[in-house]
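**Q** The structure follows.
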Amino acid sequence: MIKSLILKNYGPLAAIEWKGLAKVNLVIGNNGTGKTFLLKAAYSAVKASEEYKRGDEPRKLSEILSDKLYWTFQTEKLGDLVAKGQIGKLEFRMEMDEGTLAYSFGESTVRTLLDIIEPSQSRSSNSLFLPEKEILTLYKVIIDSRERAKLFGFDDTYYDLAKIISIGPKKGRNYQEFRDARRSIADVVGGRVYQDENDRWLYKKDRYLFPISVASEGVKKLAILDTLLGNHYLDNKSVIFIDEPEAALHPQAISQFMKTIYVLSESGIQFFVSTHSYFVVKGLSLLATKHKEPMPVLSLENGVATIDDLQNGYPDNPIVRESVRLYEQEVELSLS
């Protein structure tokens with residue numbers, strides 16, 4: 001697992017020191033507060049650690065991480081990620097079970113990281129980032145734009161996912177929590193999404209087959225997770241980053257999705273979820289209270305990061321405050 005994250009002068013994130021991370025971790029804040037930025041920074045580090053020394057990979061960790069940051073944030077030079085108007089270099093430090101991965105650089109850095117601390121061992125598991133938008137209808141375009149055209153557009157969170165969703169299902173025993181989660185996802189989407197022998201994605205609902213284009217974006221997004229649970233790409237030491245899971249899902253589906261996340265976390269998978277949805281906060285808070293599980297939550301507001309635990313109640317955040325305000329207004333109107 002990732003045990004802690006420390007960032008300084010990292011784009012919109014002036015200073016974050018997030019320790020005591022658990023199986024499910026939540027980042028909450030309004031648009032533009034840096035939620036996705038934080039998830040991408042952590043994902044880039046985790047993914048680079050997994051690619052390092054794997055198979056015939058000849059590159060140094062510094063080279064892998066440099067490329068990962070470049071294609072994930074898609075800046076002309078890495079130095080553009082350094083917070084403007086702040087004093088000092090960009091700093092990143094991540095404590096994992098495998099050791100410490102840390103780096104720093106200044107505004108003049110172009111493509112190569114020089115100041116880096118490597119973990120004592122590379123990661124053997126596979127992690128993934130579920131971006132806000134689904135990719136089932138675009139995954140071939142995403143791969144082509146990167147591998148042939150070498151163009152910015154779809155960052156590495158999309159490209160990495162596009163490369164792995166076509167891995168076919170594997171036979172053999174799977175984790176019980178994975179099987180339970182797949183059944184839960186099937187209930188939410190009302191069927192199954194799969195790829196046929198002609199590489200076409202199909203949506204099977206009851207006895208009927210439909211092209212994937214007729215399925216909602218929410219269905220396609222959940223289907224991606226179901227696919228990766230079924231093809232054994234993930235294991236019980238994977239880390240999953242989910243950006244705005246509420247996108248294109250109705251409140252009941254969001255609630256069920258949060259339960260699915262909790263079930264998977266019981267297998268050992270660690271989750272980092274970013275959101276500006278009260279339904280996501282509410283769903284995870286109820287699970288934390290019911291199961292007496294710590295669920296760290298990082299609230300971002302006006303450049304300030306506040307750390308709480310959903311097990312102890314809702315964080316003081318504009319999203320929660322607005323939801324409470326609307327509820328109180330509704331009660332007031334009903335009593336008037």
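By convention here, the chains of the structure tokens are called A, B, ... in the order presented, each chain's residues are numbered starting at 1, and ligands are numbered starting at 1 in the order presented.
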So that I can see what lies close to region 171-182 of chain A, please list as a PDB file with N, CA, C and O atoms, in the first residue's frame the residues with an atom at most 12 Å from it, counting only C-alpha atoms and leaving out residues fewer than 5 positions away in the same chain.
**A**
```
ATOM      1  N   ASP A 187     -25.168  -5.991 -11.579  1.00  0.00           N
ATOM      2  CA  ASP A 187     -26.460  -5.514 -11.095  1.00  0.00           C
ATOM      3  C   ASP A 187     -26.656  -4.035 -11.414  1.00  0.00           C
ATOM      4  O   ASP A 187     -27.749  -3.602 -11.782  1.00  0.00           O
ATOM      5  N   VAL A 188     -25.590  -3.261 -11.250  1.00  0.00           N
ATOM      6  CA  VAL A 188     -25.685  -1.817 -11.502  1.00  0.00           C
ATOM      7  C   VAL A 188     -25.920  -1.529 -12.971  1.00  0.00           C
ATOM      8  O   VAL A 188     -26.775  -0.715 -13.332  1.00  0.00           O
ATOM      9  N   VAL A 189     -25.168  -2.201 -13.854  1.00  0.00           N
ATOM     10  CA  VAL A 189     -25.280  -1.916 -15.289  1.00  0.00           C
ATOM     11  C   VAL A 189     -26.429  -2.676 -15.941  1.00  0.00           C
ATOM     12  O   VAL A 189     -26.766  -2.413 -17.104  1.00  0.00           O
ATOM     13  N   GLY A 190     -27.031  -3.601 -15.213  1.00  0.00           N
ATOM     14  CA  GLY A 190     -28.162  -4.346 -15.747  1.00  0.00           C
ATOM     15  C   GLY A 190     -27.777  -5.378 -16.783  1.00  0.00           C
ATOM     16  O   GLY A 190     -28.591  -5.766 -17.629  1.00  0.00           O
ATOM     17  N   GLY A 191     -26.523  -5.836 -16.760  1.00  0.00           N
ATOM     18  CA  GLY A 191     -26.077  -6.830 -17.732  1.00  0.00           C
ATOM     19  C   GLY A 191     -24.564  -6.924 -17.740  1.00  0.00           C
ATOM     20  O   GLY A 191     -23.910  -6.677 -16.738  1.00  0.00           O
ATOM     21  N   ARG A 192     -24.019  -7.246 -18.902  1.00  0.00           N
ATOM     22  CA  ARG A 192     -22.575  -7.377 -19.052  1.00  0.00           C
ATOM     23  C   ARG A 192     -22.103  -6.643 -20.298  1.00  0.00           C
ATOM     24  O   ARG A 192     -22.815  -6.553 -21.295  1.00  0.00           O
ATOM     25  N   VAL A 193     -20.886  -6.128 -20.235  1.00  0.00           N
ATOM     26  CA  VAL A 193     -20.221  -5.549 -21.398  1.00  0.00           C
ATOM     27  C   VAL A 193     -18.992  -6.399 -21.673  1.00  0.00           C
ATOM     28  O   VAL A 193     -18.224  -6.705 -20.753  1.00  0.00           O
ATOM     29  N   LEU A 222     -18.097   1.582 -15.678  1.00  0.00           N
ATOM     30  CA  LEU A 222     -18.093   0.451 -14.748  1.00  0.00           C
ATOM     31  C   LEU A 222     -17.655  -0.831 -15.444  1.00  0.00           C
ATOM     32  O   LEU A 222     -17.029  -1.702 -14.833  1.00  0.00           O
ATOM     33  N   ALA A 223     -17.993  -0.940 -16.727  1.00  0.00           N
ATOM     34  CA  ALA A 223     -17.622  -2.138 -17.480  1.00  0.00           C
ATOM     35  C   ALA A 223     -16.116  -2.279 -17.606  1.00  0.00           C
ATOM     36  O   ALA A 223     -15.589  -3.395 -17.680  1.00  0.00           O
ATOM     37  N   ILE A 224     -15.400  -1.164 -17.645  1.00  0.00           N
ATOM     38  CA  ILE A 224     -13.943  -1.212 -17.714  1.00  0.00           C
ATOM     39  C   ILE A 224     -13.378  -1.881 -16.463  1.00  0.00           C
ATOM     40  O   ILE A 224     -12.515  -2.761 -16.541  1.00  0.00           O
ATOM     41  N   LEU A 225     -13.884  -1.480 -15.307  1.00  0.00           N
ATOM     42  CA  LEU A 225     -13.421  -2.093 -14.063  1.00  0.00           C
ATOM     43  C   LEU A 225     -13.775  -3.574 -14.028  1.00  0.00           C
ATOM     44  O   LEU A 225     -12.951  -4.410 -13.631  1.00  0.00           O
ATOM     45  N   ASP A 226     -14.971  -3.917 -14.469  1.00  0.00           N
ATOM     46  CA  ASP A 226     -15.385  -5.321 -14.509  1.00  0.00           C
ATOM     47  C   ASP A 226     -14.448  -6.137 -15.401  1.00  0.00           C
ATOM     48  O   ASP A 226     -14.063  -7.261 -15.059  1.00  0.00           O
ATOM     49  N   THR A 227     -14.080  -5.572 -16.557  1.00  0.00           N
ATOM     50  CA  THR A 227     -13.186  -6.265 -17.487  1.00  0.00           C
ATOM     51  C   THR A 227     -11.837  -6.569 -16.851  1.00  0.00           C
ATOM     52  O   THR A 227     -11.299  -7.673 -16.976  1.00  0.00           O
ATOM     53  N   LEU A 228     -11.291  -5.601 -16.120  1.00  0.00           N
ATOM     54  CA  LEU A 228      -9.968  -5.777 -15.533  1.00  0.00           C
ATOM     55  C   LEU A 228      -9.987  -6.678 -14.304  1.00  0.00           C
ATOM     56  O   LEU A 228      -8.967  -7.252 -13.929  1.00  0.00           O
ATOM     57  N   LEU A 229     -11.152  -6.810 -13.697  1.00  0.00           N
ATOM     58  CA  LEU A 229     -11.289  -7.791 -12.613  1.00  0.00           C
ATOM     59  C   LEU A 229     -11.379  -9.202 -13.185  1.00  0.00           C
ATOM     60  O   LEU A 229     -10.941 -10.167 -12.562  1.00  0.00           O
ATOM     61  N   GLY A 230     -11.950  -9.311 -14.380  1.00  0.00           N
ATOM     62  CA  GLY A 230     -12.134 -10.621 -14.995  1.00  0.00           C
ATOM     63  C   GLY A 230     -10.922 -11.149 -15.731  1.00  0.00           C
ATOM     64  O   GLY A 230     -10.762 -12.371 -15.876  1.00  0.00           O
ATOM     65  N   ASN A 231     -10.042 -10.248 -16.220  1.00  0.00           N
ATOM     66  CA  ASN A 231      -8.879 -10.733 -16.979  1.00  0.00           C
ATOM     67  C   ASN A 231      -7.620 -10.883 -16.116  1.00  0.00           C
ATOM     68  O   ASN A 231      -6.535 -11.100 -16.641  1.00  0.00           O
ATOM     69  N   HIS A 232      -7.797 -10.749 -14.799  1.00  0.00           N
ATOM     70  CA  HIS A 232      -6.726 -10.960 -13.825  1.00  0.00           C
ATOM     71  C   HIS A 232      -5.589  -9.939 -13.958  1.00  0.00           C
ATOM     72  O   HIS A 232      -4.460 -10.205 -13.533  1.00  0.00           O
ATOM     73  N   TYR A 233      -5.869  -8.791 -14.570  1.00  0.00           N
ATOM     74  CA  TYR A 233      -4.853  -7.740 -14.626  1.00  0.00           C
ATOM     75  C   TYR A 233      -4.589  -7.201 -13.225  1.00  0.00           C
ATOM     76  O   TYR A 233      -3.459  -6.864 -12.871  1.00  0.00           O
ATOM     77  N   LEU A 234      -5.647  -7.139 -12.413  1.00  0.00           N
ATOM     78  CA  LEU A 234      -5.530  -6.641 -11.050  1.00  0.00           C
ATOM     79  C   LEU A 234      -5.318  -7.790 -10.076  1.00  0.00           C
ATOM     80  O   LEU A 234      -5.765  -8.906 -10.323  1.00  0.00           O
ATOM     81  N   ASP A 235      -4.646  -7.494  -8.969  1.00  0.00           N
ATOM     82  CA  ASP A 235      -4.540  -8.476  -7.901  1.00  0.00           C
ATOM     83  C   ASP A 235      -4.795  -7.773  -6.574  1.00  0.00           C
ATOM     84  O   ASP A 235      -5.188  -6.600  -6.538  1.00  0.00           O
ATOM     85  N   ASN A 236      -4.575  -8.465  -5.483  1.00  0.00           N
ATOM     86  CA  ASN A 236      -4.940  -7.903  -4.181  1.00  0.00           C
ATOM     87  C   ASN A 236      -3.909  -6.917  -3.631  1.00  0.00           C
ATOM     88  O   ASN A 236      -4.019  -6.490  -2.481  1.00  0.00           O
ATOM     89  N   LYS A 237      -2.934  -6.531  -4.454  1.00  0.00           N
ATOM     90  CA  LYS A 237      -1.997  -5.483  -4.049  1.00  0.00           C
ATOM     91  C   LYS A 237      -1.990  -4.328  -5.037  1.00  0.00           C
ATOM     92  O   LYS A 237      -1.096  -3.485  -5.016  1.00  0.00           O
ATOM     93  N   GLN A 256     -24.161   2.025  -4.913  1.00  0.00           N
ATOM     94  CA  GLN A 256     -23.751   0.644  -5.143  1.00  0.00           C
ATOM     95  C   GLN A 256     -22.275   0.567  -5.528  1.00  0.00           C
ATOM     96  O   GLN A 256     -21.554  -0.359  -5.122  1.00  0.00           O
ATOM     97  N   PHE A 257     -21.810   1.556  -6.299  1.00  0.00           N
ATOM     98  CA  PHE A 257     -20.411   1.587  -6.704  1.00  0.00           C
ATOM     99  C   PHE A 257     -19.499   1.755  -5.488  1.00  0.00           C
ATOM    100  O   PHE A 257     -18.434   1.132  -5.391  1.00  0.00           O
ATOM    101  N   MET A 258     -19.912   2.594  -4.531  1.00  0.00           N
ATOM    102  CA  MET A 258     -19.113   2.775  -3.321  1.00  0.00           C
ATOM    103  C   MET A 258     -19.035   1.470  -2.528  1.00  0.00           C
ATOM    104  O   MET A 258     -17.990   1.135  -1.957  1.00  0.00           O
ATOM    105  N   LYS A 259     -20.129   0.713  -2.496  1.00  0.00           N
ATOM    106  CA  LYS A 259     -20.109  -0.587  -1.824  1.00  0.00           C
ATOM    107  C   LYS A 259     -19.166  -1.553  -2.540  1.00  0.00           C
ATOM    108  O   LYS A 259     -18.463  -2.344  -1.905  1.00  0.00           O
ATOM    109  N   THR A 260     -19.150  -1.482  -3.863  1.00  0.00           N
ATOM    110  CA  THR A 260     -18.242  -2.325  -4.642  1.00  0.00           C
ATOM    111  C   THR A 260     -16.790  -1.985  -4.328  1.00  0.00           C
ATOM    112  O   THR A 260     -15.943  -2.873  -4.183  1.00  0.00           O
ATOM    113  N   ILE A 261     -16.490  -0.698  -4.223  1.00  0.00           N
ATOM    114  CA  ILE A 261     -15.140  -0.264  -3.870  1.00  0.00           C
ATOM    115  C   ILE A 261     -14.745  -0.820  -2.506  1.00  0.00           C
ATOM    116  O   ILE A 261     -13.623  -1.314  -2.319  1.00  0.00           O
ATOM    117  N   TYR A 262     -15.673  -0.775  -1.566  1.00  0.00           N
ATOM    118  CA  TYR A 262     -15.360  -1.285  -0.231  1.00  0.00           C
ATOM    119  C   TYR A 262     -15.091  -2.793  -0.276  1.00  0.00           C
ATOM    120  O   TYR A 262     -14.151  -3.286   0.360  1.00  0.00           O
ATOM    121  N   VAL A 263     -15.912  -3.533  -1.016  1.00  0.00           N
ATOM    122  CA  VAL A 263     -15.712  -4.978  -1.142  1.00  0.00           C
ATOM    123  C   VAL A 263     -14.326  -5.281  -1.707  1.00  0.00           C
ATOM    124  O   VAL A 263     -13.609  -6.156  -1.210  1.00  0.00           O
ATOM    125  N   LEU A 264     -13.931  -4.545  -2.733  1.00  0.00           N
ATOM    126  CA  LEU A 264     -12.620  -4.769  -3.345  1.00  0.00           C
ATOM    127  C   LEU A 264     -11.484  -4.377  -2.389  1.00  0.00           C
ATOM    128  O   LEU A 264     -10.425  -5.008  -2.382  1.00  0.00           O
ATOM    129  N   SER A 265     -11.719  -3.350  -1.600  1.00  0.00           N
ATOM    130  CA  SER A 265     -10.687  -2.952  -0.632  1.00  0.00           C
ATOM    131  C   SER A 265     -10.460  -4.039   0.409  1.00  0.00           C
ATOM    132  O   SER A 265      -9.355  -4.165   0.951  1.00  0.00           O
ATOM    133  N   GLU A 266     -11.496  -4.834   0.693  1.00  0.00           N
ATOM    134  CA  GLU A 266     -11.359  -5.927   1.647  1.00  0.00           C
ATOM    135  C   GLU A 266     -10.424  -7.013   1.119  1.00  0.00           C
ATOM    136  O   GLU A 266      -9.853  -7.787   1.900  1.00  0.00           O
ATOM    137  N   SER A 267     -10.248  -7.077  -0.202  1.00  0.00           N
ATOM    138  CA  SER A 267      -9.318  -8.051  -0.775  1.00  0.00           C
ATOM    139  C   SER A 267      -7.871  -7.583  -0.653  1.00  0.00           C
ATOM    140  O   SER A 267      -6.936  -8.373  -0.818  1.00  0.00           O
ATOM    141  N   GLY A 268      -7.689  -6.279  -0.417  1.00  0.00           N
ATOM    142  CA  GLY A 268      -6.342  -5.726  -0.306  1.00  0.00           C
ATOM    143  C   GLY A 268      -6.068  -4.584  -1.258  1.00  0.00           C
ATOM    144  O   GLY A 268      -5.062  -3.880  -1.113  1.00  0.00           O
ATOM    145  N   ILE A 269      -6.935  -4.383  -2.261  1.00  0.00           N
ATOM    146  CA  ILE A 269      -6.744  -3.281  -3.194  1.00  0.00           C
ATOM    147  C   ILE A 269      -6.887  -1.958  -2.454  1.00  0.00           C
ATOM    148  O   ILE A 269      -7.763  -1.777  -1.621  1.00  0.00           O
TER     149      ILE A 269
END
```
**Q** Which residues are near region 38-48 of chain A? Cut-off 8 Å, only C-alpha atoms, ignore same chain within fewer than 3 positions. Put them as a ChimeraX atom specification.
**A** /A:5,13,34-35,51-52,61,64-65,68-69,72-73,94,101,126-129,157,241,243,272,274
**Q** Assign secondary structure with DSSP using the backbone only, and return the residues of region 79-172 of chain A in strand (DSSP E or B) as a VMD selection string.
**A** chain A and resid 82 90 to 96 99 to 105 115 to 117 128 to 130
**Q** How far is it from CA of Leu7 (chain A) to CA of Gly29 (chain A), in Å with one decimal?
**A**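 Pair CA of Leu7 (chain A) / CA of Gly29 (chain A) returns 17.1 Å.
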**Q** Just the number, please: distance in Å from CA of Asp97 (chain A) to CA of Pro294 (chain A), one decimal.
**A**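 These atoms are spaced 18.6 Å apart.
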**Q** Would you kindly return, as a PyMOL selection string, each protein, DNA or RNA residue with an atom no farther than 7 Å from any atom of Ala102 (chain A), considering only C-alpha atoms and excluding same-chain residues fewer than 3 positions away?
**A** chain A and resi 92-94+116-118
**Q** Write out the residues from the selection above, keeping N, CA and C atoms, as a PDB file, in the first residue's frame.
**A**
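What follows is the written file part.pdb:
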```
ATOM      1  N   PHE A  92       8.175  15.884  -4.250  1.00  0.00           N
ATOM      2  CA  PHE A  92       7.217  14.774  -4.149  1.00  0.00           C
ATOM      3  C   PHE A  92       7.874  13.651  -3.363  1.00  0.00           C
ATOM      4  N   ARG A  93       7.117  13.079  -2.430  1.00  0.00           N
ATOM      5  CA  ARG A  93       7.627  11.956  -1.647  1.00  0.00           C
ATOM      6  C   ARG A  93       6.482  10.997  -1.359  1.00  0.00           C
ATOM      7  N   MET A  94       6.694   9.736  -1.665  1.00  0.00           N
ATOM      8  CA  MET A  94       5.681   8.707  -1.459  1.00  0.00           C
ATOM      9  C   MET A  94       6.296   7.532  -0.707  1.00  0.00           C
ATOM     10  N   ILE A 116      16.466  12.060  -7.467  1.00  0.00           N
ATOM     11  CA  ILE A 116      15.439  11.057  -7.220  1.00  0.00           C
ATOM     12  C   ILE A 116      15.920  10.025  -6.199  1.00  0.00           C
ATOM     13  N   ILE A 117      15.014   9.622  -5.323  1.00  0.00           N
ATOM     14  CA  ILE A 117      15.265   8.537  -4.370  1.00  0.00           C
ATOM     15  C   ILE A 117      14.439   7.335  -4.823  1.00  0.00           C
ATOM     16  N   GLU A 118      15.090   6.196  -4.998  1.00  0.00           N
ATOM     17  CA  GLU A 118      14.408   5.010  -5.495  1.00  0.00           C
ATOM     18  C   GLU A 118      13.966   4.107  -4.349  1.00  0.00           C
TER      19      GLU A 118
END
```
**Q** CA of Lys77 (chain A) and CA of Arg123 (chain A) are how many Å apart?
**A**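 We find that CA of Lys77 (chain A) and CA of Arg123 (chain A) lie 27.2 Å from each other.
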**Q** I need the residue nearest Thr306 (chain A) from this list: A:Pro251, A:Asn198, A:Arg111, A:Lys19. Use only C-alpha atoms for the distance.
**A**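 Going through A:Pro251, A:Asn198, A:Arg111, A:Lys19 one by one, the smallest distance to Thr306 (chain A) is for A:Lys19.
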**Q** If you count only C-alpha atoms, which residues fall within 12 Å of Leu310 (chain A), apart from same-chain ones fewer than 6 positions away, as number ranges by chain?
**A** A: 22, 24-28, 280-299, 316
**Q** With distances taken over only C-alpha atoms, which residue among A:Ser104, A:Thr75, A:Gln252, A:Thr112 lies nearest Ser62 (chain A)?
**A** A:Thr112
**Q** Hey, what's within 10 Å of region 203-220 of chain A if we count only C-alpha atoms and toss same-chain stuff fewer than 6 positions away? As a PyMOL selection string, please?
**A** chain A and resi 132-137+185-186+188-195+226+245-250+253-254
